[in-house]
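Here is the structure we will look at.
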Amino acid sequence: AHFLLLNGPNLNLLGSREPGVYGHDTLPAIEQRLAARAAEHGHTLSCFQSNSEGTLIDRLHAARDEDVACVLFNPAAFTHTSVALRDALLASELACIEIHLSNTAKREAFRHHSYFADIAIGTITGFGAQGYVMALDAAIARAAEPTR
Ligand code: DQA
């Protein structure tokens, strides 16, 4: 199956951005780890990051024609603000697993609401970069199910 890893604003700074909150792994390191793990299981992974809401929306539109089995999505701050990205995900009709490095539930109140939680298969939050691996493994398991 083919998966799409989508990361939102400021995640290009992973590794140097608030490492106490987000850890020391860089985004390229996470992307390479995930692509290798997908390949080990006979799957493919595309990776995309943007700081721009419209560019992320355009990427989801393009994904409609790419036979994506599951979007692994960390919308970052857009999690808490973007009806437009939510609508783009709904329009794509693609399955999605929401990921957050930090445990947003124990942070500021404005991070407690997600525009994606109720339309995602599920959310992985608080496990740092390992959360991306967990999300990929969940997507792989789901892709193997006959009745998804
Ligand atoms: C984040 C959590 C968001 O609240 C924050 O705006 C981010 C990263 C996370 O991965 O923990 O940029 O999505």
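Labels for the structure tokens follow display order: chains A, B, ..., residues from 1 in each chain, ligands from 1.
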
Quick one: residues within 12 Å of Arg33 of chain A, only C-alpha atoms counted, chain neighbours fewer than 4 positions away excluded, as an mmCIF file with N, CA and C atoms, in the first residue's frame?
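Contents of the output file result-v8.cif:
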```
data_model
loop_
_atom_site.group_PDB
_atom_site.id
_atom_site.type_symbol
_atom_site.label_atom_id
_atom_site.label_comp_id
_atom_site.auth_asym_id
_atom_site.auth_seq_id
_atom_site.Cartn_x
_atom_site.Cartn_y
_atom_site.Cartn_z
ATOM 1 N N LEU A 5 2.874 10.772 4.516
ATOM 2 C CA LEU A 5 3.205 11.428 5.785
ATOM 3 C C LEU A 5 3.158 12.933 5.562
ATOM 4 N N ASP A 25 15.040 14.561 17.470
ATOM 5 C CA ASP A 25 15.049 14.013 16.107
ATOM 6 C C ASP A 25 14.655 15.082 15.100
ATOM 7 N N THR A 26 15.354 15.121 13.973
ATOM 8 C CA THR A 26 14.983 16.057 12.912
ATOM 9 C C THR A 26 13.886 15.431 12.050
ATOM 10 N N LEU A 27 13.181 16.281 11.299
ATOM 11 C CA LEU A 27 12.125 15.746 10.430
ATOM 12 C C LEU A 27 12.705 14.841 9.340
ATOM 13 N N PRO A 28 13.805 15.224 8.679
ATOM 14 C CA PRO A 28 14.370 14.291 7.685
ATOM 15 C C PRO A 28 14.717 12.931 8.293
ATOM 16 N N ALA A 29 15.189 12.927 9.540
ATOM 17 C CA ALA A 29 15.523 11.650 10.183
ATOM 18 C C ALA A 29 14.257 10.818 10.390
ATOM 19 N N ARG A 37 11.019 1.840 7.103
ATOM 20 C CA ARG A 37 10.146 0.864 7.764
ATOM 21 C C ARG A 37 9.001 0.443 6.836
ATOM 22 N N ALA A 38 8.441 1.405 6.109
ATOM 23 C CA ALA A 38 7.381 1.081 5.143
ATOM 24 C C ALA A 38 7.930 0.118 4.091
ATOM 25 N N ALA A 39 9.130 0.410 3.573
ATOM 26 C CA ALA A 39 9.741 -0.433 2.535
ATOM 27 C C ALA A 39 9.995 -1.849 3.041
ATOM 28 N N GLU A 40 10.464 -1.956 4.310
ATOM 29 C CA GLU A 40 10.704 -3.278 4.910
ATOM 30 C C GLU A 40 9.459 -4.147 4.862
ATOM 31 N N LEU A 45 6.043 5.124 1.004
ATOM 32 C CA LEU A 45 5.665 6.299 1.796
ATOM 33 C C LEU A 45 6.138 7.561 1.088
ATOM 34 N N CYS A 47 6.528 11.713 1.673
ATOM 35 C CA CYS A 47 6.629 12.642 2.792
ATOM 36 C C CYS A 47 6.494 14.068 2.303
ATOM 37 N N ALA A 129 8.834 11.291 18.645
ATOM 38 C CA ALA A 129 9.039 10.779 17.282
ATOM 39 C C ALA A 129 8.567 9.334 17.154
ATOM 40 N N GLN A 130 8.585 8.594 18.272
ATOM 41 C CA GLN A 130 8.107 7.211 18.249
ATOM 42 C C GLN A 130 6.644 7.135 17.808
ATOM 43 N N TYR A 132 5.264 8.570 15.372
ATOM 44 C CA TYR A 132 5.178 8.406 13.915
ATOM 45 C C TYR A 132 5.313 6.933 13.536
ATOM 46 N N VAL A 133 6.225 6.227 14.229
ATOM 47 C CA VAL A 133 6.410 4.798 13.971
ATOM 48 C C VAL A 133 5.139 4.040 14.353
ATOM 49 N N LEU A 136 2.539 4.600 11.697
ATOM 50 C CA LEU A 136 2.811 3.816 10.484
ATOM 51 C C LEU A 136 2.456 2.356 10.709
#
```

Return as a PyMOL selection string the residues of protein, DNA or RNA that approach ligand 1 to within 8 Å, with only C-alpha atoms and all ligand atoms taken into account. chain A and resi 8-11+21-22+74-80+99-104+111+125-126+128

Running DSSP on the backbone, which parts of segment 59-116 of chain A land in alpha helix (DSSP H), as a PyMOL selection string? chain A and resi 59-63+83-92

Pull N, CA and C atoms from the residues just selected and write them as a short mmCIF file (atom, residue, chain, number, x, y, z; two decimals), in the first residue's frame.
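Output below, filename part-v2.cif:
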```
data_model
loop_
_atom_site.label_atom_id
_atom_site.label_comp_id
_atom_site.auth_asym_id
_atom_site.auth_seq_id
_atom_site.Cartn_x
_atom_site.Cartn_y
_atom_site.Cartn_z
N ARG A 59 -1.86 19.70 -1.24
CA ARG A 59 -1.26 18.37 -1.18
C ARG A 59 -2.33 17.31 -0.92
N LEU A 60 -3.30 17.63 -0.07
CA LEU A 60 -4.40 16.68 0.18
C LEU A 60 -5.25 16.51 -1.08
N HIS A 61 -5.46 17.60 -1.81
CA HIS A 61 -6.23 17.48 -3.07
C HIS A 61 -5.50 16.54 -4.03
N ALA A 62 -4.19 16.72 -4.15
CA ALA A 62 -3.41 15.87 -5.06
C ALA A 62 -3.47 14.41 -4.62
N ALA A 63 -3.53 14.19 -3.31
CA ALA A 63 -3.53 12.82 -2.78
C ALA A 63 -4.79 12.05 -3.18
N VAL A 83 -10.38 24.88 9.92
CA VAL A 83 -11.56 24.26 9.32
C VAL A 83 -11.26 23.93 7.86
N ALA A 84 -10.45 24.76 7.20
CA ALA A 84 -10.16 24.54 5.77
C ALA A 84 -9.38 23.25 5.54
N LEU A 85 -8.42 22.96 6.42
CA LEU A 85 -7.67 21.69 6.28
C LEU A 85 -8.56 20.51 6.61
N ARG A 86 -9.39 20.68 7.61
CA ARG A 86 -10.36 19.62 7.94
C ARG A 86 -11.24 19.31 6.74
N ASP A 87 -11.75 20.37 6.09
CA ASP A 87 -12.62 20.18 4.93
C ASP A 87 -11.86 19.51 3.78
N ALA A 88 -10.58 19.86 3.63
CA ALA A 88 -9.77 19.24 2.57
C ALA A 88 -9.59 17.75 2.84
N LEU A 89 -9.39 17.39 4.10
CA LEU A 89 -9.24 15.97 4.44
C LEU A 89 -10.56 15.24 4.19
N LEU A 90 -11.68 15.85 4.56
CA LEU A 90 -12.98 15.24 4.29
C LEU A 90 -13.20 15.08 2.80
N ALA A 91 -12.84 16.11 2.02
CA ALA A 91 -13.01 16.06 0.57
C ALA A 91 -12.16 14.95 -0.04
N SER A 92 -11.00 14.71 0.55
CA SER A 92 -10.09 13.70 0.01
C SER A 92 -10.65 12.29 0.21
#
```

For Thr44 of chain A, please output as a list in words all residues within 9 Å (counting only C-alpha atoms; exclusion window: fewer than 4 positions along the same chain).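 Selected residues are Ala1, His2, Phe3, Leu4, Ala35, Ala36, Ala38 and Ala39 of chain A.
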
Please extract the residues of segment 24-125 of chain A with a backbone DSSP assignment of strand (DSSP E) and present them as a ChimeraX atom specification. /A:44-49,68-74,96-100,122-125

Residues from the last selection, N, CA and C atoms, saved as a short mmCIF file (atom, residue, chain, number, x, y, z; two decimals), in the first residue's frame:
```
data_model
loop_
_atom_site.label_atom_id
_atom_site.label_comp_id
_atom_site.auth_asym_id
_atom_site.auth_seq_id
_atom_site.Cartn_x
_atom_site.Cartn_y
_atom_site.Cartn_z
N THR A 44 5.05 1.72 0.40
CA THR A 44 5.75 2.96 0.02
C THR A 44 5.19 4.12 0.82
N LEU A 45 6.04 5.12 1.00
CA LEU A 45 5.67 6.30 1.80
C LEU A 45 6.14 7.56 1.09
N SER A 46 5.22 8.50 0.91
CA SER A 46 5.59 9.85 0.45
C SER A 46 5.59 10.77 1.65
N CYS A 47 6.53 11.71 1.67
CA CYS A 47 6.63 12.64 2.79
C CYS A 47 6.49 14.07 2.30
N PHE A 48 5.75 14.88 3.06
CA PHE A 48 5.56 16.27 2.67
C PHE A 48 5.37 17.12 3.91
N GLN A 49 6.06 18.25 3.93
CA GLN A 49 5.90 19.21 5.04
C GLN A 49 5.70 20.60 4.44
N VAL A 68 -3.79 6.63 -1.96
CA VAL A 68 -3.17 6.65 -0.62
C VAL A 68 -4.05 5.85 0.33
N ALA A 69 -3.46 4.83 0.97
CA ALA A 69 -4.23 3.98 1.88
C ALA A 69 -4.51 4.69 3.20
N CYS A 70 -3.58 5.57 3.60
CA CYS A 70 -3.76 6.28 4.86
C CYS A 70 -2.83 7.49 4.90
N VAL A 71 -3.36 8.60 5.38
CA VAL A 71 -2.55 9.79 5.60
C VAL A 71 -2.11 9.81 7.06
N LEU A 72 -0.81 9.91 7.28
CA LEU A 72 -0.27 10.05 8.64
C LEU A 72 -0.02 11.53 8.82
N PHE A 73 -0.82 12.17 9.67
CA PHE A 73 -0.91 13.63 9.62
C PHE A 73 -0.64 14.27 10.97
N ASN A 74 0.42 15.09 11.01
CA ASN A 74 0.60 16.00 12.15
C ASN A 74 0.33 17.41 11.64
N CYS A 96 -7.15 8.67 7.79
CA CYS A 96 -6.11 9.49 8.40
C CYS A 96 -5.84 9.05 9.83
N ILE A 97 -4.56 9.04 10.18
CA ILE A 97 -4.18 8.88 11.59
C ILE A 97 -3.52 10.19 12.00
N GLU A 98 -4.04 10.79 13.07
CA GLU A 98 -3.52 12.07 13.57
C GLU A 98 -2.38 11.80 14.54
N ILE A 99 -1.33 12.58 14.40
CA ILE A 99 -0.14 12.39 15.24
C ILE A 99 0.25 13.71 15.90
N HIS A 100 0.61 13.65 17.18
CA HIS A 100 1.27 14.78 17.85
C HIS A 100 2.43 14.25 18.66
N GLY A 122 -7.80 7.44 14.40
CA GLY A 122 -7.40 7.59 15.78
C GLY A 122 -6.26 8.57 15.87
N THR A 123 -5.89 8.89 17.09
CA THR A 123 -4.85 9.89 17.33
C THR A 123 -3.77 9.30 18.22
N ILE A 124 -2.51 9.58 17.87
CA ILE A 124 -1.38 9.17 18.70
C ILE A 124 -0.70 10.43 19.20
N THR A 125 -0.67 10.61 20.49
CA THR A 125 -0.17 11.86 21.04
C THR A 125 0.69 11.61 22.27
#
```

Distance of atom CA of Ser114 of chain A from atom CA of Leu14 of chain A, expressed in Å to one decimal place: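 Taking atom CA of Leu14 of chain A as the start and atom CA of Ser114 of chain A as the end point, the length is 21.0 Å.
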